[in-house]
Amino acid sequence: MKNRTEVTEFILLGLTKDYRLKQVFFTFFLLFYVTCLLGNGAILGVILADFRLHTPMYFFLGNLSGLDICYSTVTVPKMLSGFLRNHQSISLIGCLTQLHFFHFLGSSEAVLLGVMAYDRYVAICHPLRYTLIMSKWACITLAGATWAAGFFHALMHTVVTSQLWFCGPNLIAHFFCDIKPLLKLACSSTTLNLILLKLVTGSIALSPFFFTLLSYFYIISFLFFKVQSWRNRWKAFSTCASHLSVVAIFYIPVLSNYMVASASDSSENDMIISVLYSVITPVLNPLIYTLRNQEVKLAIKKILNKKVHFERD
């Protein structure tokens, strides 16, 4: 067997090399990360604290908030430390670990959005059977299946990527270890990786997306043909508005980044799109659900009022 050089460490080039821009980006993304933690943490706390929110809809919303906190934490702290250093290094094991958790949490969120669409379909189209269909154990099973699907999907990519040979260079044109930037550095064949990226990742992204579209097709059909009052139609559909907004801001960048899987795609475009769904989207999700959901706003006000009274006493 011939001796061959193997890369054991990578250098993340990040978003920019400009020192001034690094300072601006550090402040900007630190604020976004803190907002993400506080916003999603607040929703988790409110759902746990208010018994009225112990329903399937808010159970899945709590899962979404937990995913968003972890999702940002996988990439943003590493990116922030990169703004403070000239060279941001990461070991091969660390790189594969980051890749695994990024795709684990991202694909879990994609599946969860489909589950949340099903929850809205049952609540609107089968209200009398809602508590029976979306029982406690059904919700736990769906949530468990969501996390399991994401884990095994990510594990597949991690195992296949770990079999690649990296002989140099070791400069990753990204702010975290993602599959496509790594494939550009591989010295061995990446055909299998690209096939899996197109077929499996495409399926796990598109299947919940089309399932969500199908659910809303049935919801809209039910509201138009079964519900006579426009007021009742809007009241029912308004419970879906937050979910639809989250689906839109999550799927648009994700599908544009992974559905056209090529190792030669523009690194700059990949990074911009990655910033949208790994940094911006987890911040917007709690804002959307808080601003558009009366029950969440009332629960937050109730907790704040209790806190004020407690401090006065």
# chains A, B, ... in the order shown; residues from 1 in each chain; ligands from 1

$ residues_around --residues "stretch 217-234 of chain A" --least-positions-apart "2" --cutoff "10 Å" --atoms "only C-alpha atoms" --output "ChimeraX atom specification"
/A:117-118,120-126,211-215,236-240

$ write_last_selection --atoms "C-alpha atoms" --output "JSON list (two decimals), in the first residue's frame"
[["chain", "number", "residue", "atom", "x", "y", "z"],
["A", 117, "ALA", "CA", -49.34, 20.55, 9.08],
["A", 118, "TYR", "CA", -51.03, 17.19, 9.79],
["A", 120, "ARG", "CA", -53.69, 21.49, 11.72],
["A", 121, "TYR", "CA", -55.46, 19.27, 9.17],
["A", 122, "VAL", "CA", -56.91, 17.03, 11.90],
["A", 123, "ALA", "CA", -57.86, 20.01, 14.10],
["A", 124, "ILE", "CA", -59.77, 21.77, 11.29],
["A", 125, "CYS", "CA", -61.15, 18.93, 9.19],
["A", 126, "HIS", "CA", -61.85, 16.42, 11.99],
["A", 211, "PHE", "CA", -47.31, 16.59, 2.58],
["A", 212, "THR", "CA", -47.73, 20.11, 3.99],
["A", 213, "LEU", "CA", -49.10, 21.36, 0.67],
["A", 214, "LEU", "CA", -51.51, 18.40, 0.53],
["A", 215, "SER", "CA", -52.67, 19.04, 4.10],
["A", 236, "ALA", "CA", -60.01, 28.45, 11.44],
["A", 237, "PHE", "CA", -57.39, 29.32, 8.83],
["A", 238, "SER", "CA", -55.77, 31.97, 11.05],
["A", 239, "THR", "CA", -54.51, 29.15, 13.30],
["A", 240, "CYS", "CA", -52.43, 28.01, 10.30]]

$ select_by_dssp --residues "stretch 69-173 of chain A" --states "strand (DSSP E)" --output "short mmCIF file (atom, residue, chain, number, x, y, z; two decimals) with N, CA and C atoms, in the first residue's frame"
data_model
loop_
_atom_site.label_atom_id
_atom_site.label_comp_id
_atom_site.auth_asym_id
_atom_site.auth_seq_id
_atom_site.Cartn_x
_atom_site.Cartn_y
_atom_site.Cartn_z
N GLN A 88 -9.62 29.90 11.73
CA GLN A 88 -10.57 29.10 12.50
C GLN A 88 -10.40 27.65 12.09
N SER A 89 -9.74 26.87 12.94
CA SER A 89 -9.47 25.48 12.62
C SER A 89 -10.50 24.56 13.27
N ILE A 90 -10.67 23.39 12.66
CA ILE A 90 -11.57 22.38 13.19
C ILE A 90 -11.03 21.02 12.78
N SER A 91 -10.98 20.08 13.72
CA SER A 91 -10.46 18.75 13.41
C SER A 91 -11.43 18.01 12.49
N LEU A 171 -8.73 23.96 3.15
CA LEU A 171 -9.44 25.23 3.35
C LEU A 171 -10.90 25.08 2.93
N ILE A 172 -11.81 25.18 3.92
CA ILE A 172 -13.25 25.06 3.65
C ILE A 172 -13.83 26.45 3.43
#

$ residues_around --residues "A:Ala145" --least-positions-apart "3" --cutoff "12 Å" --atoms "only C-alpha atoms" --output "MDAnalysis selection string"
chainID A and resid 107:109 111:112 115 137:142 148:153

$ write_last_selection --atoms "N, CA and C atoms" --output "mmCIF file, in the first residue's frame"
data_model
loop_
_atom_site.group_PDB
_atom_site.id
_atom_site.type_symbol
_atom_site.label_atom_id
_atom_site.label_comp_id
_atom_site.auth_asym_id
_atom_site.auth_seq_id
_atom_site.Cartn_x
_atom_site.Cartn_y
_atom_site.Cartn_z
ATOM 1 N N SER A 107 -32.945 18.288 9.224
ATOM 2 C CA SER A 107 -33.914 17.366 8.631
ATOM 3 C C SER A 107 -35.041 17.050 9.605
ATOM 4 N N SER A 108 -34.737 17.043 10.921
ATOM 5 C CA SER A 108 -35.792 16.838 11.921
ATOM 6 C C SER A 108 -36.797 17.982 11.864
ATOM 7 N N GLU A 109 -36.297 19.210 11.673
ATOM 8 C CA GLU A 109 -37.203 20.353 11.585
ATOM 9 C C GLU A 109 -38.077 20.274 10.337
ATOM 10 N N VAL A 111 -39.125 17.541 8.825
ATOM 11 C CA VAL A 111 -40.168 16.533 9.081
ATOM 12 C C VAL A 111 -41.192 17.065 10.079
ATOM 13 N N LEU A 112 -40.720 17.780 11.098
ATOM 14 C CA LEU A 112 -41.622 18.320 12.121
ATOM 15 C C LEU A 112 -42.630 19.298 11.524
ATOM 16 N N VAL A 115 -45.386 17.306 10.195
ATOM 17 C CA VAL A 115 -46.217 16.795 11.294
ATOM 18 C C VAL A 115 -47.145 17.888 11.809
ATOM 19 N N TRP A 137 -50.022 9.853 23.351
ATOM 20 C CA TRP A 137 -49.045 8.893 22.845
ATOM 21 C C TRP A 137 -48.820 9.050 21.351
ATOM 22 N N ALA A 138 -49.863 9.464 20.629
ATOM 23 C CA ALA A 138 -49.699 9.719 19.192
ATOM 24 C C ALA A 138 -48.724 10.873 18.967
ATOM 25 N N CYS A 139 -48.855 11.917 19.792
ATOM 26 C CA CYS A 139 -47.964 13.078 19.675
ATOM 27 C C CYS A 139 -46.527 12.702 20.013
ATOM 28 N N ILE A 140 -46.352 11.912 21.082
ATOM 29 C CA ILE A 140 -45.009 11.489 21.474
ATOM 30 C C ILE A 140 -44.383 10.610 20.390
ATOM 31 N N THR A 141 -45.203 9.732 19.807
ATOM 32 C CA THR A 141 -44.712 8.853 18.729
ATOM 33 C C THR A 141 -44.291 9.651 17.508
ATOM 34 N N LEU A 142 -45.124 10.622 17.123
ATOM 35 C CA LEU A 142 -44.800 11.461 15.961
ATOM 36 C C LEU A 142 -43.534 12.278 16.208
ATOM 37 N N ALA A 148 -35.964 10.737 15.180
ATOM 38 C CA ALA A 148 -35.268 9.533 14.715
ATOM 39 C C ALA A 148 -34.965 9.620 13.215
ATOM 40 N N ALA A 149 -35.925 10.116 12.437
ATOM 41 C CA ALA A 149 -35.712 10.259 10.994
ATOM 42 C C ALA A 149 -34.545 11.203 10.718
ATOM 43 N N GLY A 150 -34.511 12.312 11.448
ATOM 44 C CA GLY A 150 -33.417 13.266 11.271
ATOM 45 C C GLY A 150 -32.073 12.667 11.667
ATOM 46 N N PHE A 151 -32.051 11.904 12.761
ATOM 47 C CA PHE A 151 -30.797 11.323 13.247
ATOM 48 C C PHE A 151 -30.218 10.333 12.246
ATOM 49 N N PHE A 152 -31.045 9.421 11.747
ATOM 50 C CA PHE A 152 -30.540 8.398 10.832
ATOM 51 C C PHE A 152 -30.203 8.978 9.458
ATOM 52 N N HIS A 153 -30.929 10.009 9.051
ATOM 53 C CA HIS A 153 -30.581 10.690 7.801
ATOM 54 C C HIS A 153 -29.194 11.324 7.917
#

$ atom_distance --atom1 "atom CA of A:Lys302" --atom2 "atom CA of A:Asn285"
21.4 Å

$ closest_residue --among "A:Thr35, A:Ser81, A:Asn170, A:Thr73" --to "A:Glu6" --atoms "only C-alpha atoms"
A:Asn170

$ select_by_dssp --residues "stretch 170-216 of chain A" --states "alpha helix (DSSP H)" --output "PyMOL selection string"
chain A and resi 179-185+191-196+202-216

$ residues_around --residues "A:Ser242" --least-positions-apart "3" --cutoff "6 Å" --atoms "only C-alpha atoms" --output "JSON, numbers by chain"
{"A": [245, 288, 289]}

$ atom_distance --atom1 "atom CA of A:Ser65" --atom2 "atom CA of A:Asn40"
4.9 Å

$ closest_residue --among "A:Phe83, A:Tyr58, A:Thr97, A:Thr146" --to "A:Asp119" --atoms "only C-alpha atoms"
A:Tyr58

$ residues_around --residues "A:Leu31" --least-positions-apart "4" --cutoff "12 Å" --atoms "only C-alpha atoms" --output "ChimeraX atom specification"
/A:24-27,35-39,76-77,80,279-280,283

$ residues_around --residues "stretch 162-164 of chain A" --least-positions-apart "3" --cutoff "9 Å" --atoms "only C-alpha atoms" --output "JSON, numbers by chain"
{"A": [92, 93, 96, 157, 158, 159, 183, 186, 187, 188, 189, 190]}

$ closest_residue --among "A:Val160, A:Leu155, A:Val34, A:Ile11" --to "A:His87" --atoms "only C-alpha atoms"
A:Ile11

$ atom_distance --atom1 "atom CA of A:Met116" --atom2 "atom CA of A:Met57"
7.1 Å

$ closest_residue --among "A:Ile273, A:Leu132, A:Leu99, A:Leu53" --to "A:Thr75" --atoms "only C-alpha atoms"
A:Leu99
